[in-house]
Structures are given as C-alpha cells and as structure tokens.
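Student: A single structure is presented below for examination.
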Amino acid sequence: RHAEPDYNDLDAVNRALTEKGRGDTYHVANFLKDKEISAVISSPYQRSFDTVATFAHQMGMEVETVYDLRERKICDTYVDDFPGFAEAQWADFNYKLETGESLGEVQERNVNALKDILNRYEGKNIAIGTHGTALSTIVNYYDKSFGYEQFMKIRRVLPWIVVMTFENGECKGVEQYRLNWEKM
C-alpha cells in the first residue's frame with residue numbers, strides 16, 4: 001500500500017505523497033532491494049505509482065501501470081462517516097453508494113488483475129503499488145479472517161507491505177509489515 005498521501009488533496013487520481021510519504025519511498029525501496037524483484041507494477045494513481053517508483057528507478061526498471069489495481073470509488077461526494085461506511089461495506093460486500101463500487105466489485109477487479117499479473121510473471125518476484133482497500137480485498141480473498149477489524153487496523157498504516165507467496169496460482173502465505181518492517 002502506498003506511502004502517506006496529502007489528504008487535503010481530494011483528487012483521488014493525482015493525489016501526491018506528503019514530504020513524509022516521499023521519504024518513506026526510500027524505506028520501501030530498501031525493503032525491496034534484496035527481494036530479486038523482476039517487475040514493478042502500480043495502480044495508475046499517483047500516490048501508489050510514486051511509492052514504488054523510487055525502487056524501480058534505483059534498479060533501472062520501469063513501472064508498469066495496471067488500471068484495475070486502482071482504489072475503490074466510494075461515490076462522487078465526500079463521506080462524513082467513513083468508519084460507518086467501511087463497516088457497512090465489510091458486512092455486505094454488495095453494499096455501495098449510488099455512484100460508487102462495492103467491495104465485491106473492487107475485490108473481483110483487483111484479484112483478476114493480480115491473477116493476470118501472476119500469469120504474465122509466473123515464477124518471478126513482483127512489487128505492486130496499490131491502495132489500502134484494494135489490497136485489503138485481495139488479502140480477504142485469500143484469507144477470509146481479514147475483515148473490517150483488520151482493515152481498520154491498517155487504515156493509517158502507510159506504507160503497508162504485504163508479502164504474498166504463490167505456487168501454481170495458489171496463495172501459500174501472507175505476511176504483513178509496517179514501515180519499521182515488523183511483522184504485523
């Protein structure tokens with residue numbers, strides 16, 4: 001999950017990282033440097049792209065963008081009670097606001113994108129820059145014990161790194177890390 005964004009910027013697509021977030025991209029790069037990464041892929045949203053771009057540039061790699069790794073669309077207006085909204089979505093994966101996406105839709109879109117990436121880079125280590133809700137729905141797909149409570153715990157964990165191990169398309173392990181690289 002991306003580093004700290006500027007929450008004052010309501011432009012979901014172009015929202016930049018804060019100064020702290022930009023600094024944390026170097027910590028992400030340091031975490032990834034010995035992982036034998038073959039490809040760097042990101043959501044097209046600026047904050048996710050920038051979080052993995054530091055590593056990619058240090059390694060002389062390009063960042064490939066995958067549109068379906070983007071964050072969920074909540075609606076066309078600001079949601080005052082985000083925790084209440086999130087709880088309703090985690091309780092019912094079909095729940096959504098009029099112009100938004102349900103968690104089920106987000107999960108299907110993101111898991112399909114991940115499966116495509118895994119097929120294209122079979123047997124390779126890949127770094128993917130994405131978002132809190134998007135990544136949470138992917139984790140939930142492979143580990144149903146990850147739900148609303150776990151989502152709320154990672155809500156302000158920026159960046160949040162999840163190491164997933166796959167074998168023949170099957171998830172064999174999920175490890176979560178905070179910025180200090182302690183397992184969660």
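A note on labels: chains of the structure tokens are A, B, ... as shown, every chain counts residues from 1, and ligands are counted from 1 in their shown order.
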Need the shell around Val106 in chain A: protein/DNA/RNA residues with any atom at most 8 Å away, counting only C-alpha atoms. Skip same-chain ones fewer than 5 positions apart. Format as a ChimeraX atom specification?

Tutor: /A:71-72,101,134,137

Student: Pull N, CA, C and O atoms from the residues just selected and write them as a compact mmCIF listing (two decimals), in the first residue's frame.

Tutor:
```txt
# COMPACT_ATOMS: atom_id res chain seq x y z
N GLU A 71 -7.79 2.17 -6.58
CA GLU A 71 -8.58 2.14 -5.35
C GLU A 71 -10.06 2.13 -5.68
O GLU A 71 -10.48 2.50 -6.78
N ARG A 72 -10.85 1.77 -4.71
CA ARG A 72 -12.30 1.75 -4.87
C ARG A 72 -12.84 3.16 -5.03
O ARG A 72 -12.32 4.09 -4.42
N GLU A 101 -18.43 1.90 -5.84
CA GLU A 101 -18.22 0.47 -6.04
C GLU A 101 -18.41 -0.27 -4.73
O GLU A 101 -18.09 0.23 -3.66
N ALA A 134 -8.08 -1.66 -1.80
CA ALA A 134 -7.80 -2.60 -2.88
C ALA A 134 -6.99 -3.78 -2.36
O ALA A 134 -7.36 -4.95 -2.58
N THR A 137 -8.95 -6.08 0.06
CA THR A 137 -9.87 -7.03 -0.57
C THR A 137 -9.12 -8.21 -1.18
O THR A 137 -9.64 -9.33 -1.20
```

Student: At a cut-off of 9 Å, can you tabulate as a tab-separated table every residue of range 91-147 of chain A near range 52-70 of chain A together with its closest atom pair and the distance in Å to one decimal, using only C-alpha atoms and ordering rows by chain then number?

Tutor:
```
residue	atom	partner	partner_atom	distance
A:Val106	CA	A:Asp68	CA	8.7
A:Arg109	CA	A:Asp68	CA	5.9
A:Asn110	CA	A:Leu69	CA	5.4
A:Val111	CA	A:Leu69	CA	8.7
A:Asn112	CA	A:Asp68	CA	8.3
A:Ala113	CA	A:Asp68	CA	6.0
A:Leu114	CA	A:Leu69	CA	8.1
A:Ala127	CA	A:Val52	CA	7.6
A:Ile128	CA	A:Val52	CA	7.4
A:Gly129	CA	A:Val52	CA	5.9
A:Thr130	CA	A:Leu69	CA	6.1
A:His131	CA	A:Arg70	CA	7.0
A:Ala134	CA	A:Leu69	CA	7.0
A:Leu135	CA	A:Leu69	CA	8.7
```

Student: Write the residues of the selection above to a file with N, CA, C and O atoms, as a tab-separated table (two decimals), in the first residue's frame.

Tutor:
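The result, stored in again35.tsv:
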```tsv
chain	number	residue	atom	x	y	z
A	106	VAL	N	-14.73	-4.32	-6.19
A	106	VAL	CA	-13.31	-3.96	-6.05
A	106	VAL	C	-12.47	-5.23	-5.95
A	106	VAL	O	-11.44	-5.35	-6.61
A	109	ARG	N	-12.26	-7.06	-9.36
A	109	ARG	CA	-11.39	-6.31	-10.28
A	109	ARG	C	-9.92	-6.49	-9.91
A	109	ARG	O	-9.07	-6.76	-10.76
A	110	ASN	N	-9.61	-6.34	-8.62
A	110	ASN	CA	-8.22	-6.43	-8.17
A	110	ASN	C	-7.67	-7.85	-8.22
A	110	ASN	O	-6.53	-8.05	-8.61
A	111	VAL	N	-8.46	-8.83	-7.83
A	111	VAL	CA	-7.99	-10.22	-7.87
A	111	VAL	C	-7.78	-10.66	-9.31
A	111	VAL	O	-6.79	-11.34	-9.63
A	112	ASN	N	-8.67	-10.27	-10.21
A	112	ASN	CA	-8.48	-10.60	-11.63
A	112	ASN	C	-7.20	-9.97	-12.17
A	112	ASN	O	-6.45	-10.60	-12.92
A	113	ALA	N	-6.94	-8.71	-11.77
A	113	ALA	CA	-5.70	-8.05	-12.20
A	113	ALA	C	-4.49	-8.79	-11.64
A	113	ALA	O	-3.50	-9.01	-12.35
A	114	LEU	N	-4.55	-9.18	-10.37
A	114	LEU	CA	-3.45	-9.91	-9.76
A	114	LEU	C	-3.22	-11.25	-10.45
A	114	LEU	O	-2.08	-11.62	-10.75
A	127	ALA	N	6.85	-6.48	-7.43
A	127	ALA	CA	6.44	-5.44	-6.48
A	127	ALA	C	5.24	-4.73	-7.10
A	127	ALA	O	5.28	-4.32	-8.26
A	128	ILE	N	4.18	-4.60	-6.31
A	128	ILE	CA	2.96	-3.95	-6.79
A	128	ILE	C	2.59	-2.81	-5.85
A	128	ILE	O	2.48	-3.01	-4.64
A	129	GLY	N	2.38	-1.63	-6.41
A	129	GLY	CA	1.92	-0.48	-5.65
A	129	GLY	C	0.42	-0.34	-5.80
A	129	GLY	O	-0.08	-0.24	-6.92
A	130	THR	N	-0.30	-0.37	-4.70
A	130	THR	CA	-1.75	-0.26	-4.75
A	130	THR	C	-2.26	0.50	-3.53
A	130	THR	O	-1.53	1.30	-2.95
A	131	HIS	N	-3.48	0.24	-3.12
A	131	HIS	CA	-4.17	1.05	-2.11
A	131	HIS	C	-4.69	0.18	-0.96
A	131	HIS	O	-4.80	-1.03	-1.09
A	134	ALA	N	-8.08	-1.66	-1.80
A	134	ALA	CA	-7.80	-2.60	-2.88
A	134	ALA	C	-6.99	-3.78	-2.36
A	134	ALA	O	-7.36	-4.95	-2.58
A	135	LEU	N	-5.91	-3.49	-1.65
A	135	LEU	CA	-5.06	-4.56	-1.12
A	135	LEU	C	-5.80	-5.38	-0.06
A	135	LEU	O	-5.67	-6.60	-0.01
```

Student: Please list as a list of chain:residue names every residue within 12 Å of Asn119 in chain A, counting only C-alpha atoms and excluding residues in the same chain fewer than 3 positions away.

Tutor: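 Final neighbour list, sorted by chain and number: A:Asn112, A:Ala113, A:Leu114, A:Lys115, A:Asp116, A:Glu122, A:Gly123, A:Lys124, A:Ile126, A:Phe166, A:Glu167, A:Asn168, A:Gly169, A:Glu170.
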
Student: Considering only C-alpha atoms, state which residue in the set A:Val40, A:Leu179, A:Cys75, A:Val174 is at the smallest distance from Lys144 in chain A.

Tutor: A:Val174

Student: Write out as JSON, numbers by chain the residues lying within 12 Å of Gln150 in chain A, counting only C-alpha atoms and excluding same-chain residues fewer than 4 positions away.

Tutor: {"A": [86, 87, 90, 132, 133, 135, 136, 137, 139, 140, 143, 144, 145, 146, 154, 155, 156, 157, 176, 184]}

Student: Using N, CA, C and O atoms, can you write the selected residues to a file as a tab-separated table (two decimals), in the first residue's frame?

Tutor:
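After the write, selection_1.tsv holds the following:
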```tsv
chain	number	residue	atom	x	y	z
A	86	ALA	N	-17.36	2.10	5.87
A	86	ALA	CA	-16.48	0.94	5.71
A	86	ALA	C	-17.06	-0.29	6.40
A	86	ALA	O	-17.03	-1.39	5.85
A	87	GLU	N	-17.60	-0.10	7.59
A	87	GLU	CA	-18.18	-1.23	8.32
A	87	GLU	C	-19.35	-1.83	7.54
A	87	GLU	O	-19.48	-3.05	7.44
A	90	TRP	N	-17.87	-3.86	4.65
A	90	TRP	CA	-17.27	-5.12	5.06
A	90	TRP	C	-18.32	-6.11	5.53
A	90	TRP	O	-18.14	-7.32	5.40
A	132	GLY	N	-5.05	0.85	0.13
A	132	GLY	CA	-5.49	0.15	1.33
A	132	GLY	C	-6.69	-0.74	1.12
A	132	GLY	O	-6.68	-1.92	1.48
A	133	THR	N	-7.76	-0.20	0.56
A	133	THR	CA	-8.96	-1.01	0.35
A	133	THR	C	-8.71	-2.05	-0.71
A	133	THR	O	-9.10	-3.22	-0.57
A	135	LEU	N	-5.91	-3.49	-1.65
A	135	LEU	CA	-5.06	-4.56	-1.12
A	135	LEU	C	-5.80	-5.38	-0.06
A	135	LEU	O	-5.67	-6.60	-0.01
A	136	SER	N	-6.60	-4.73	0.76
A	136	SER	CA	-7.36	-5.44	1.79
A	136	SER	C	-8.32	-6.45	1.18
A	136	SER	O	-8.50	-7.56	1.70
A	137	THR	N	-8.95	-6.08	0.06
A	137	THR	CA	-9.87	-7.03	-0.57
A	137	THR	C	-9.12	-8.21	-1.18
A	137	THR	O	-9.64	-9.33	-1.20
A	139	VAL	N	-6.25	-9.43	0.09
A	139	VAL	CA	-5.89	-10.26	1.24
A	139	VAL	C	-7.11	-11.05	1.71
A	139	VAL	O	-7.02	-12.25	1.98
A	140	ASN	N	-8.27	-10.40	1.77
A	140	ASN	CA	-9.50	-11.07	2.19
A	140	ASN	C	-9.86	-12.23	1.26
A	140	ASN	O	-10.36	-13.26	1.71
A	143	ASP	N	-7.55	-14.88	2.44
A	143	ASP	CA	-7.59	-15.13	3.88
A	143	ASP	C	-8.87	-14.49	4.43
A	143	ASP	O	-8.89	-13.30	4.75
A	144	LYS	N	-9.93	-15.28	4.53
A	144	LYS	CA	-11.24	-14.76	4.94
A	144	LYS	C	-11.26	-14.21	6.36
A	144	LYS	O	-12.20	-13.52	6.74
A	145	SER	N	-10.22	-14.48	7.17
A	145	SER	CA	-10.18	-13.92	8.52
A	145	SER	C	-9.85	-12.42	8.49
A	145	SER	O	-10.02	-11.73	9.49
A	146	PHE	N	-9.39	-11.92	7.36
A	146	PHE	CA	-9.12	-10.48	7.21
A	146	PHE	C	-10.43	-9.80	6.86
A	146	PHE	O	-11.00	-10.02	5.80
A	154	ILE	N	-5.23	-1.31	9.71
A	154	ILE	CA	-4.23	-0.89	8.72
A	154	ILE	C	-4.59	0.44	8.07
A	154	ILE	O	-3.82	0.95	7.26
A	155	ARG	N	-5.73	0.99	8.43
A	155	ARG	CA	-6.23	2.20	7.77
A	155	ARG	C	-5.20	3.32	7.75
A	155	ARG	O	-5.10	4.06	6.78
A	156	ARG	N	-4.44	3.47	8.78
A	156	ARG	CA	-3.42	4.53	8.85
A	156	ARG	C	-2.00	3.98	8.80
A	156	ARG	O	-1.05	4.66	9.15
A	157	VAL	N	-1.86	2.73	8.38
A	157	VAL	CA	-0.51	2.14	8.20
A	157	VAL	C	-0.08	2.49	6.78
A	157	VAL	O	-0.58	1.93	5.80
A	176	GLN	N	2.39	-9.55	6.65
A	176	GLN	CA	2.14	-8.11	6.63
A	176	GLN	C	3.23	-7.39	7.42
A	176	GLN	O	3.65	-7.86	8.47
A	184	MET	N	3.24	-7.83	11.22
A	184	MET	CA	2.01	-7.45	11.92
A	184	MET	C	1.26	-8.71	12.34
A	184	MET	O	1.39	-9.74	11.77
```

Student: What gap, in Å, lies between CA of His27 in chain A and CA of Gly147 in chain A?

Tutor: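 Here the two named atoms are 27.3 Å from each other.
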
Student: What's the 10 Å shell around range 95-97 of chain A, counting only C-alpha atoms, without same-chain residues fewer than 5 positions away, as a list in words?

Tutor: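 Those residues are Lys73, Ile74, Cys75, Asp76, Val79, Phe85, Ala86, Ala88, Gln89, Trp90, Ser102, Leu103, Gly104 and Glu105 of chain A.
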
Student: List as a ChimeraX atom specification the protein and nucleic acid residues near Pro159 in chain A, meaning an atom at most 7 Å away when only C-alpha atoms are counted, but skip any in the same chain fewer than 3 places from it.

Tutor: /A:1-4,178-179
